[in-house]
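Have a look at coords-v4.cif; it's mmCIF, N, CA and C atoms:
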```
data_run
#
loop_
_atom_site.label_atom_id
_atom_site.label_comp_id
_atom_site.auth_asym_id
_atom_site.auth_seq_id
_atom_site.Cartn_x
_atom_site.Cartn_y
_atom_site.Cartn_z
N MET A 1 -45.96 -9.46 27.80
CA MET A 1 -45.97 -10.77 28.41
C MET A 1 -44.84 -10.84 29.42
N ARG A 2 -45.16 -11.33 30.61
CA ARG A 2 -44.16 -11.47 31.67
C ARG A 2 -43.95 -12.95 31.97
N ILE A 3 -42.70 -13.38 31.95
CA ILE A 3 -42.36 -14.80 32.12
C ILE A 3 -41.44 -14.98 33.31
N LEU A 4 -41.73 -16.00 34.11
CA LEU A 4 -40.80 -16.45 35.15
C LEU A 4 -40.27 -17.82 34.75
N LEU A 5 -38.98 -18.00 34.91
CA LEU A 5 -38.33 -19.27 34.59
C LEU A 5 -37.67 -19.81 35.84
N LEU A 6 -38.04 -21.03 36.23
CA LEU A 6 -37.36 -21.70 37.34
C LEU A 6 -36.29 -22.59 36.74
N ASP A 7 -35.04 -22.22 36.98
CA ASP A 7 -33.91 -22.96 36.44
C ASP A 7 -32.69 -22.63 37.27
N ASP A 8 -31.80 -23.60 37.38
CA ASP A 8 -30.58 -23.36 38.16
C ASP A 8 -29.54 -22.59 37.37
N GLY A 9 -29.84 -22.30 36.12
CA GLY A 9 -28.94 -21.46 35.32
C GLY A 9 -27.68 -22.14 34.87
N VAL A 10 -27.62 -23.47 34.94
CA VAL A 10 -26.40 -24.17 34.59
C VAL A 10 -26.20 -24.25 33.08
N ASP A 11 -27.21 -24.73 32.37
CA ASP A 11 -27.06 -24.96 30.93
C ASP A 11 -28.15 -24.25 30.14
N GLY A 12 -27.76 -23.40 29.24
CA GLY A 12 -28.68 -22.86 28.27
C GLY A 12 -29.63 -21.77 28.72
N THR A 13 -29.58 -21.34 29.98
CA THR A 13 -30.52 -20.34 30.46
C THR A 13 -30.36 -19.02 29.73
N GLU A 14 -29.14 -18.58 29.52
CA GLU A 14 -28.89 -17.31 28.83
C GLU A 14 -29.43 -17.36 27.41
N LYS A 15 -29.24 -18.47 26.73
CA LYS A 15 -29.73 -18.62 25.36
C LYS A 15 -31.26 -18.57 25.36
N LEU A 16 -31.90 -19.20 26.33
CA LEU A 16 -33.36 -19.19 26.43
C LEU A 16 -33.88 -17.77 26.64
N LEU A 17 -33.24 -17.01 27.52
CA LEU A 17 -33.63 -15.62 27.74
C LEU A 17 -33.46 -14.78 26.47
N GLU A 18 -32.40 -15.03 25.74
CA GLU A 18 -32.18 -14.32 24.47
C GLU A 18 -33.31 -14.62 23.50
N TRP A 19 -33.70 -15.88 23.41
CA TRP A 19 -34.78 -16.26 22.50
C TRP A 19 -36.12 -15.67 22.93
N PHE A 20 -36.35 -15.60 24.25
CA PHE A 20 -37.57 -14.94 24.73
C PHE A 20 -37.60 -13.49 24.24
N SER A 21 -36.46 -12.82 24.35
CA SER A 21 -36.41 -11.40 23.97
C SER A 21 -36.67 -11.21 22.48
N GLU A 22 -36.38 -12.21 21.68
CA GLU A 22 -36.61 -12.13 20.24
C GLU A 22 -38.07 -12.40 19.85
N CYS A 23 -38.87 -12.87 20.81
CA CYS A 23 -40.26 -13.24 20.51
C CYS A 23 -41.17 -12.03 20.36
N GLY A 24 -40.77 -10.88 20.89
CA GLY A 24 -41.63 -9.70 20.85
C GLY A 24 -42.73 -9.81 21.89
N ASP A 25 -43.25 -8.69 22.31
CA ASP A 25 -44.32 -8.64 23.31
C ASP A 25 -43.91 -9.21 24.67
N ILE A 26 -42.63 -9.44 24.90
CA ILE A 26 -42.19 -9.92 26.21
C ILE A 26 -41.52 -8.75 26.92
N GLU A 27 -42.17 -8.28 27.96
CA GLU A 27 -41.65 -7.13 28.69
C GLU A 27 -40.71 -7.54 29.81
N MET A 28 -40.81 -8.80 30.26
CA MET A 28 -39.95 -9.25 31.35
C MET A 28 -39.80 -10.76 31.27
N ALA A 29 -38.58 -11.24 31.42
CA ALA A 29 -38.31 -12.66 31.57
C ALA A 29 -37.26 -12.78 32.66
N SER A 30 -37.65 -13.36 33.80
CA SER A 30 -36.75 -13.45 34.95
C SER A 30 -36.44 -14.91 35.26
N VAL A 31 -35.20 -15.15 35.63
CA VAL A 31 -34.78 -16.49 36.05
C VAL A 31 -34.73 -16.51 37.57
N ILE A 32 -35.41 -17.50 38.14
CA ILE A 32 -35.40 -17.71 39.58
C ILE A 32 -34.70 -19.05 39.81
N LYS A 33 -33.79 -19.09 40.78
CA LYS A 33 -32.98 -20.28 40.97
C LYS A 33 -33.40 -21.15 42.14
N THR A 34 -34.34 -20.68 42.97
CA THR A 34 -34.80 -21.51 44.08
C THR A 34 -36.31 -21.67 44.02
N ARG A 35 -36.80 -22.84 44.38
CA ARG A 35 -38.25 -23.09 44.28
C ARG A 35 -39.04 -22.22 45.23
N GLU A 36 -38.49 -21.91 46.40
CA GLU A 36 -39.21 -21.08 47.37
C GLU A 36 -39.44 -19.68 46.81
N LEU A 37 -38.40 -19.06 46.28
CA LEU A 37 -38.52 -17.73 45.71
C LEU A 37 -39.40 -17.75 44.47
N PHE A 38 -39.29 -18.81 43.69
CA PHE A 38 -40.11 -18.94 42.49
C PHE A 38 -41.60 -18.96 42.85
N LEU A 39 -41.97 -19.77 43.83
CA LEU A 39 -43.38 -19.84 44.24
C LEU A 39 -43.86 -18.49 44.76
N GLU A 40 -43.01 -17.83 45.53
CA GLU A 40 -43.37 -16.51 46.06
C GLU A 40 -43.60 -15.52 44.91
N LYS A 41 -42.68 -15.47 43.97
CA LYS A 41 -42.80 -14.52 42.86
C LYS A 41 -43.95 -14.88 41.92
N ALA A 42 -44.23 -16.17 41.78
CA ALA A 42 -45.35 -16.58 40.93
C ALA A 42 -46.67 -16.07 41.50
N VAL A 43 -46.74 -15.94 42.81
CA VAL A 43 -47.96 -15.42 43.45
C VAL A 43 -47.96 -13.90 43.46
N THR A 44 -46.85 -13.28 43.86
CA THR A 44 -46.84 -11.82 44.03
C THR A 44 -46.72 -11.05 42.72
N GLU A 45 -45.96 -11.57 41.76
CA GLU A 45 -45.73 -10.84 40.51
C GLU A 45 -46.76 -11.18 39.43
N ARG A 46 -47.51 -12.24 39.63
CA ARG A 46 -48.56 -12.65 38.69
C ARG A 46 -48.06 -12.64 37.24
N PRO A 47 -47.07 -13.51 36.93
CA PRO A 47 -46.56 -13.55 35.56
C PRO A 47 -47.63 -14.07 34.61
N ASP A 48 -47.42 -13.85 33.33
CA ASP A 48 -48.34 -14.33 32.31
C ASP A 48 -48.09 -15.79 31.97
N ALA A 49 -46.88 -16.27 32.22
CA ALA A 49 -46.54 -17.67 31.97
C ALA A 49 -45.32 -18.02 32.82
N VAL A 50 -45.21 -19.30 33.17
CA VAL A 50 -44.03 -19.78 33.88
C VAL A 50 -43.44 -20.96 33.13
N PHE A 51 -42.12 -21.01 33.15
CA PHE A 51 -41.38 -22.12 32.58
C PHE A 51 -40.63 -22.77 33.73
N ILE A 52 -40.78 -24.08 33.88
CA ILE A 52 -40.18 -24.80 35.01
C ILE A 52 -39.29 -25.92 34.47
N HIS A 53 -37.99 -25.84 34.78
CA HIS A 53 -37.05 -26.89 34.39
C HIS A 53 -37.14 -27.99 35.43
N THR A 54 -37.43 -29.19 34.97
CA THR A 54 -37.61 -30.31 35.89
C THR A 54 -36.42 -31.26 35.87
N GLY A 55 -36.43 -32.16 36.81
CA GLY A 55 -35.50 -33.27 36.79
C GLY A 55 -34.10 -32.99 37.29
N ARG A 56 -33.90 -31.86 37.92
CA ARG A 56 -32.57 -31.59 38.48
C ARG A 56 -32.64 -31.65 39.99
N GLU A 57 -31.52 -31.88 40.58
CA GLU A 57 -31.41 -31.94 42.05
C GLU A 57 -32.06 -30.71 42.67
N GLY A 58 -33.00 -30.93 43.56
CA GLY A 58 -33.63 -29.82 44.26
C GLY A 58 -34.70 -29.09 43.46
N PHE A 59 -35.02 -29.61 42.27
CA PHE A 59 -36.03 -28.98 41.42
C PHE A 59 -37.17 -29.96 41.16
N PRO A 60 -38.05 -30.15 42.14
CA PRO A 60 -39.20 -31.03 41.91
C PRO A 60 -40.24 -30.30 41.07
N GLY A 61 -39.93 -30.10 39.80
CA GLY A 61 -40.72 -29.26 38.92
C GLY A 61 -42.20 -29.59 38.86
N PHE A 62 -42.52 -30.88 38.78
CA PHE A 62 -43.92 -31.24 38.66
C PHE A 62 -44.68 -30.91 39.94
N LYS A 63 -44.03 -31.08 41.08
CA LYS A 63 -44.67 -30.72 42.35
C LYS A 63 -44.90 -29.21 42.44
N ILE A 64 -43.98 -28.45 41.92
CA ILE A 64 -44.13 -26.99 41.91
C ILE A 64 -45.30 -26.60 41.01
N GLY A 65 -45.39 -27.23 39.85
CA GLY A 65 -46.51 -26.98 38.95
C GLY A 65 -47.84 -27.34 39.59
N GLU A 66 -47.87 -28.48 40.28
CA GLU A 66 -49.09 -28.90 40.98
C GLU A 66 -49.45 -27.90 42.08
N ALA A 67 -48.45 -27.39 42.79
CA ALA A 67 -48.70 -26.43 43.86
C ALA A 67 -49.31 -25.14 43.29
N LEU A 68 -48.81 -24.69 42.15
CA LEU A 68 -49.37 -23.49 41.51
C LEU A 68 -50.83 -23.72 41.13
N LYS A 69 -51.11 -24.87 40.53
CA LYS A 69 -52.48 -25.18 40.12
C LYS A 69 -53.39 -25.31 41.34
N ALA A 70 -52.91 -25.98 42.39
CA ALA A 70 -53.71 -26.19 43.60
C ALA A 70 -54.02 -24.87 44.30
N ALA A 71 -53.13 -23.91 44.18
CA ALA A 71 -53.32 -22.61 44.83
C ALA A 71 -54.28 -21.73 44.02
N GLY A 72 -54.80 -22.27 42.93
CA GLY A 72 -55.72 -21.50 42.11
C GLY A 72 -55.04 -20.55 41.15
N ASN A 73 -53.74 -20.70 41.01
CA ASN A 73 -52.99 -19.86 40.08
C ASN A 73 -53.18 -20.44 38.68
N CYS A 74 -53.85 -19.74 37.83
CA CYS A 74 -54.19 -20.22 36.49
C CYS A 74 -53.14 -19.87 35.44
N VAL A 75 -51.96 -19.53 35.87
CA VAL A 75 -50.90 -19.15 34.94
C VAL A 75 -50.52 -20.36 34.07
N PRO A 76 -50.34 -20.13 32.76
CA PRO A 76 -49.88 -21.22 31.90
C PRO A 76 -48.49 -21.70 32.34
N ILE A 77 -48.33 -23.02 32.34
CA ILE A 77 -47.06 -23.63 32.77
C ILE A 77 -46.47 -24.42 31.61
N VAL A 78 -45.18 -24.18 31.37
CA VAL A 78 -44.42 -24.95 30.39
C VAL A 78 -43.29 -25.63 31.15
N PHE A 79 -43.18 -26.94 31.00
CA PHE A 79 -42.09 -27.68 31.63
C PHE A 79 -40.98 -27.91 30.61
N LEU A 80 -39.74 -27.88 31.10
CA LEU A 80 -38.56 -28.19 30.29
C LEU A 80 -37.88 -29.38 30.94
N SER A 81 -37.46 -30.34 30.14
CA SER A 81 -36.79 -31.52 30.68
C SER A 81 -35.85 -32.12 29.64
N GLU A 82 -34.85 -32.81 30.13
CA GLU A 82 -33.92 -33.52 29.26
C GLU A 82 -34.47 -34.89 28.88
N GLU A 83 -35.56 -35.31 29.50
CA GLU A 83 -36.09 -36.66 29.29
C GLU A 83 -37.45 -36.63 28.58
N LYS A 84 -37.55 -37.33 27.46
CA LYS A 84 -38.79 -37.40 26.71
C LYS A 84 -39.94 -37.94 27.55
N LYS A 85 -39.64 -38.91 28.40
CA LYS A 85 -40.70 -39.54 29.18
C LYS A 85 -41.36 -38.56 30.16
N SER A 86 -40.71 -37.44 30.43
CA SER A 86 -41.29 -36.44 31.32
C SER A 86 -42.47 -35.71 30.69
N ALA A 87 -42.60 -35.79 29.37
CA ALA A 87 -43.70 -35.11 28.69
C ALA A 87 -45.04 -35.61 29.20
N LEU A 88 -45.18 -36.89 29.40
CA LEU A 88 -46.44 -37.44 29.91
C LEU A 88 -46.73 -36.91 31.31
N ASP A 89 -45.72 -36.90 32.18
CA ASP A 89 -45.89 -36.35 33.53
C ASP A 89 -46.29 -34.88 33.46
N ALA A 90 -45.69 -34.15 32.53
CA ALA A 90 -45.99 -32.72 32.39
C ALA A 90 -47.47 -32.52 32.08
N PHE A 91 -47.98 -33.24 31.13
CA PHE A 91 -49.37 -33.04 30.74
C PHE A 91 -50.35 -33.60 31.76
N GLU A 92 -49.94 -34.63 32.49
CA GLU A 92 -50.79 -35.12 33.58
C GLU A 92 -50.86 -34.10 34.71
N THR A 93 -49.86 -33.24 34.80
CA THR A 93 -49.84 -32.18 35.80
C THR A 93 -50.66 -30.97 35.34
N GLY A 94 -51.05 -30.96 34.09
CA GLY A 94 -51.84 -29.84 33.58
C GLY A 94 -51.02 -28.81 32.85
N ALA A 95 -49.89 -29.25 32.29
CA ALA A 95 -49.00 -28.32 31.59
C ALA A 95 -49.67 -27.75 30.35
N ASP A 96 -49.25 -26.56 30.01
CA ASP A 96 -49.70 -25.90 28.80
C ASP A 96 -48.66 -26.01 27.69
N GLY A 97 -47.53 -26.63 28.02
CA GLY A 97 -46.47 -26.83 27.04
C GLY A 97 -45.36 -27.67 27.62
N PHE A 98 -44.53 -28.20 26.75
CA PHE A 98 -43.38 -29.01 27.14
C PHE A 98 -42.29 -28.79 26.12
N LEU A 99 -41.08 -28.52 26.59
CA LEU A 99 -39.92 -28.37 25.72
C LEU A 99 -38.85 -29.37 26.13
N LEU A 100 -38.38 -30.11 25.16
CA LEU A 100 -37.31 -31.07 25.40
C LEU A 100 -35.97 -30.36 25.30
N CYS A 101 -35.12 -30.58 26.29
CA CYS A 101 -33.79 -29.96 26.32
C CYS A 101 -32.79 -30.87 25.63
N PRO A 102 -31.83 -30.34 24.94
CA PRO A 102 -31.62 -28.91 24.78
C PRO A 102 -32.70 -28.31 23.88
N VAL A 103 -33.21 -27.18 24.31
CA VAL A 103 -34.31 -26.56 23.58
C VAL A 103 -33.82 -25.97 22.27
N GLU A 104 -34.75 -25.87 21.33
CA GLU A 104 -34.44 -25.30 20.03
C GLU A 104 -35.14 -23.96 19.90
N LYS A 105 -34.47 -23.02 19.28
CA LYS A 105 -34.99 -21.66 19.13
C LYS A 105 -36.38 -21.64 18.52
N GLY A 106 -36.59 -22.35 17.45
CA GLY A 106 -37.88 -22.36 16.77
C GLY A 106 -39.00 -22.89 17.65
N LYS A 107 -38.68 -23.89 18.45
CA LYS A 107 -39.70 -24.47 19.34
C LYS A 107 -40.04 -23.53 20.48
N VAL A 108 -39.04 -22.79 20.96
CA VAL A 108 -39.30 -21.81 22.01
C VAL A 108 -40.23 -20.73 21.47
N LYS A 109 -39.92 -20.22 20.29
CA LYS A 109 -40.75 -19.17 19.70
C LYS A 109 -42.17 -19.66 19.44
N LYS A 110 -42.32 -20.88 18.95
CA LYS A 110 -43.65 -21.43 18.70
C LYS A 110 -44.42 -21.59 20.01
N CYS A 111 -43.74 -22.05 21.05
CA CYS A 111 -44.36 -22.21 22.37
C CYS A 111 -44.86 -20.86 22.89
N VAL A 112 -44.04 -19.83 22.79
CA VAL A 112 -44.43 -18.50 23.26
C VAL A 112 -45.62 -17.98 22.45
N GLU A 113 -45.61 -18.20 21.16
CA GLU A 113 -46.75 -17.77 20.32
C GLU A 113 -48.03 -18.48 20.75
N ASN A 114 -47.94 -19.77 21.05
CA ASN A 114 -49.11 -20.51 21.51
C ASN A 114 -49.60 -19.98 22.85
N LEU A 115 -48.69 -19.63 23.73
CA LEU A 115 -49.07 -19.12 25.05
C LEU A 115 -49.79 -17.77 24.95
N LYS A 116 -49.42 -16.98 23.97
CA LYS A 116 -50.02 -15.66 23.83
C LYS A 116 -51.53 -15.74 23.66
N LYS A 117 -52.04 -16.87 23.21
CA LYS A 117 -53.49 -17.06 23.05
C LYS A 117 -54.21 -17.07 24.39
N TYR A 118 -53.48 -17.42 25.46
CA TYR A 118 -54.07 -17.54 26.78
C TYR A 118 -53.85 -16.33 27.68
N ILE A 119 -53.06 -15.39 27.22
CA ILE A 119 -52.64 -14.28 28.06
C ILE A 119 -53.72 -13.20 28.08
N ARG A 120 -54.00 -12.75 29.31
CA ARG A 120 -54.97 -11.66 29.46
C ARG A 120 -54.35 -10.37 28.92
N PRO A 121 -55.16 -9.52 28.30
CA PRO A 121 -54.59 -8.26 27.80
C PRO A 121 -54.09 -7.38 28.92
N SER A 122 -53.04 -6.63 28.66
CA SER A 122 -52.51 -5.69 29.66
C SER A 122 -53.49 -4.54 29.83
N THR A 123 -53.59 -4.05 31.09
CA THR A 123 -54.48 -2.92 31.35
C THR A 123 -53.69 -1.69 31.72
#
```
Can you dump the structure from the file as C-alpha coordinates?
Amino acid sequence: MRILLLDDGVDGTEKLLEWFSECGDIEMASVIKTRELFLEKAVTERPDAVFIHTGREGFPGFKIGEALKAAGNCVPIVFLSEEKKSALDAFETGADGFLLCPVEKGKVKKCVENLKKYIRPST
(Lines of atoms letter the chains of each structure in order from A and count residues from 1; the text may use other names and numbers.)
(Lines give C-alpha, C1' and ligand atoms only; values in the text may rest on other atoms or scores of the structure.)
Protein backbone atom coordinates (compact mmCIF):
# COMPACT_ATOMS: atom_id res chain seq x y z
CA MET A 1 0.00 0.00 0.00
CA ARG A 2 1.32 3.42 -0.97
CA ILE A 3 0.12 6.49 0.93
CA LEU A 4 0.53 10.20 0.28
CA LEU A 5 -0.08 12.60 3.15
CA LEU A 6 -0.68 16.31 2.60
CA ASP A 7 0.41 18.02 5.79
CA ASP A 8 2.61 20.93 6.75
CA GLY A 9 4.48 18.67 9.15
CA VAL A 10 3.97 20.92 12.14
CA ASP A 11 2.20 18.63 14.61
CA GLY A 12 2.16 14.87 14.80
CA THR A 13 3.29 14.03 11.26
CA GLU A 14 6.23 11.91 12.41
CA LYS A 15 4.01 9.97 14.80
CA LEU A 16 1.48 9.36 12.00
CA LEU A 17 4.21 8.03 9.70
CA GLU A 18 5.42 5.74 12.49
CA TRP A 19 1.91 4.36 12.95
CA PHE A 20 1.55 3.81 9.19
CA SER A 21 4.75 1.76 9.27
CA GLU A 22 3.31 -0.40 12.05
CA CYS A 23 0.21 -1.24 9.98
CA GLY A 24 2.01 -3.70 7.71
CA ASP A 25 1.57 -3.91 3.94
CA ILE A 26 2.60 -0.25 3.61
CA GLU A 27 5.52 0.03 1.24
CA MET A 28 5.60 3.82 1.10
CA ALA A 29 4.18 6.72 3.10
CA SER A 30 5.30 10.16 1.91
CA VAL A 31 4.56 13.58 3.36
CA ILE A 32 3.99 16.38 0.87
CA LYS A 33 3.93 19.91 2.24
CA THR A 34 2.50 21.89 -0.69
CA ARG A 35 -0.84 21.37 -2.42
CA GLU A 36 0.67 21.82 -5.89
CA LEU A 37 3.25 19.07 -5.41
CA PHE A 38 0.66 16.89 -3.68
CA LEU A 39 -1.74 17.10 -6.65
CA GLU A 40 1.10 16.37 -9.05
CA LYS A 41 2.27 13.33 -7.09
CA ALA A 42 -1.29 12.07 -6.60
CA VAL A 43 -1.59 11.90 -10.39
CA THR A 44 1.91 10.69 -11.32
CA GLU A 45 2.61 8.25 -8.46
CA ARG A 46 -0.92 6.81 -8.29
CA PRO A 47 -0.94 6.15 -4.53
CA ASP A 48 -3.34 3.61 -3.05
CA ALA A 49 -4.72 6.17 -0.57
CA VAL A 50 -4.26 9.83 0.31
CA PHE A 51 -4.56 11.54 3.66
CA ILE A 52 -5.26 15.28 3.57
CA HIS A 53 -4.92 17.52 6.64
CA THR A 54 -7.50 20.27 6.37
CA GLY A 55 -8.13 23.57 8.03
CA ARG A 56 -4.67 25.05 8.06
CA GLU A 57 -3.44 28.18 6.35
CA GLY A 58 -2.84 27.41 2.69
CA PHE A 59 -4.35 23.91 2.95
CA PRO A 60 -7.80 24.00 1.35
CA GLY A 61 -8.09 20.27 1.94
CA PHE A 62 -11.66 19.79 0.82
CA LYS A 63 -10.99 21.62 -2.44
CA ILE A 64 -7.99 19.39 -3.05
CA GLY A 65 -10.12 16.31 -2.40
CA GLU A 66 -12.77 17.62 -4.80
CA ALA A 67 -10.10 18.27 -7.44
CA LEU A 68 -8.85 14.67 -7.16
CA LYS A 69 -12.38 13.31 -7.52
CA ALA A 70 -13.19 15.67 -10.42
CA ALA A 71 -10.05 14.57 -12.26
CA GLY A 72 -11.34 11.01 -12.17
CA ASN A 73 -8.79 9.94 -9.60
CA CYS A 74 -10.57 7.20 -7.65
CA VAL A 75 -7.99 7.04 -4.88
CA PRO A 76 -9.50 6.67 -1.39
CA ILE A 77 -9.29 9.95 0.54
CA VAL A 78 -9.05 10.34 4.30
CA PHE A 79 -9.31 13.83 5.77
CA LEU A 80 -7.70 14.85 9.06
CA SER A 81 -8.94 17.86 11.00
CA GLU A 82 -8.87 19.39 14.45
CA GLU A 83 -12.57 20.26 14.14
CA LYS A 84 -15.39 17.73 14.57
CA LYS A 85 -17.69 19.77 12.35
CA SER A 86 -15.32 19.12 9.42
CA ALA A 87 -16.44 15.48 9.37
CA LEU A 88 -19.67 16.41 7.59
CA ASP A 89 -17.76 18.44 4.98
CA ALA A 90 -15.38 15.51 4.51
CA PHE A 91 -18.13 13.05 3.72
CA GLU A 92 -19.99 15.53 1.52
CA THR A 93 -16.74 15.72 -0.47
CA GLY A 94 -16.77 11.95 -0.90
CA ALA A 95 -14.24 11.03 1.76
CA ASP A 96 -13.48 7.42 2.50
CA GLY A 97 -12.45 8.26 6.05
CA PHE A 98 -12.06 11.02 8.62
CA LEU A 99 -9.66 11.26 11.55
CA LEU A 100 -10.04 13.83 14.29
CA CYS A 101 -6.77 15.40 15.43
CA PRO A 102 -4.91 14.74 17.51
CA VAL A 103 -5.16 11.33 15.92
CA GLU A 104 -5.05 8.16 17.95
CA LYS A 105 -2.90 5.18 17.03
CA GLY A 106 -5.77 2.68 17.17
CA LYS A 107 -7.96 4.81 14.93
CA VAL A 108 -5.18 5.22 12.38
CA LYS A 109 -4.65 1.47 12.24
CA LYS A 110 -8.39 0.80 11.93
CA CYS A 111 -8.66 3.38 9.14
CA VAL A 112 -5.78 1.78 7.21
CA GLU A 113 -7.34 -1.67 7.63
CA ASN A 114 -10.63 -0.35 6.25
CA LEU A 115 -8.84 1.22 3.29
CA LYS A 116 -7.15 -2.06 2.41
CA LYS A 117 -10.58 -3.34 1.31
CA TYR A 118 -10.54 -0.82 -1.56
CA ILE A 119 -6.95 -1.22 -2.68
CA ARG A 120 -6.21 -2.88 -5.99
CA PRO A 121 -3.81 -5.82 -5.71
CA SER A 122 -0.19 -5.12 -6.63
CA THR A 123 0.94 -6.51 -9.97
With distances taken over only N, CA and C atoms, which residue among A:Ala95, A:Leu100, A:Ala29, A:Ala70 lies nearest Glu83 (chain A)? A:Leu100
Using the chain letters and numbering of this document, enumerate as a ChimeraX atom specification the residues selected by the PyMOL selection byres (((chain A and resi 99 and name CA) around 8) and name CA). /A:78-81,97-98,100-101,103,107-108
All strand (DSSP E) positions in chain A, as a VMD selection string: chain A and resid 2 to 6 28 to 32 49 to 53 77 to 81 97 to 100
Selected by the PyMOL selection byres ((chain A and resi 7) around 7) in the shown coordinates: which residues, as an MDAnalysis selection string? chainID A and resid 5:6 8:10 31:34 51:53
What is the CA of Ala49 (chain A)-CA of Arg2 (chain A) distance in Å, reported with one decimal?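 CA of Arg2 (chain A) lies at a distance of 6.6 Å from CA of Ala49 (chain A).
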With the file shown as input, list the residues that the PyMOL selection byres (((chain A and resi 66 and name CA) around 12) and name CA) selects, as a list of chain:residue names.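 Output from the PyMOL selection byres (((chain A and resi 66 and name CA) around 12) and name CA), applied to this file: A:Leu39, A:Ile52, A:Pro60, A:Gly61, A:Phe62, A:Lys63, A:Ile64, A:Gly65, A:Ala67, A:Leu68, A:Lys69, A:Ala70, A:Ala71, A:Gly72, A:Asn73, A:Cys74, A:Val75, A:Pro76, A:Ile77, A:Phe79, A:Asp89, A:Ala90, A:Phe91, A:Glu92, A:Thr93, A:Gly94, A:Ala95.
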Exercise: Lys109 (chain A) partners within 8 Å, all atoms listed in the file, chain neighbours under 3 positions left out, as JSON, numbers by chain: {"A": [19, 20, 22, 23, 104, 105, 106, 112, 113, 114, 115]}
Using Å and a single decimal, report how far CA of Glu82 (chain A) sits from atom N of Met28 (chain A). 25.7 Å
Let me know the centre plus edge lengths, in Å and rounded to one decimal, of a box with edges along x, y and z that contains all listed atoms of region 1-20 of chain A and is padded by 4 Å on every side, as lines of an AutoDock Vina configuration file.
```
center_x = -36.1
center_y = -17.2
center_z = 30.3
size_x = 27.8
size_y = 23.5
size_z = 23.7
```
Select, from A:Cys111, A:Asp96, A:Arg35, A:Met1, the residue with the minimum atom-to-atom distance to Pro47 (chain A), counting only N, CA and C atoms. A:Met1
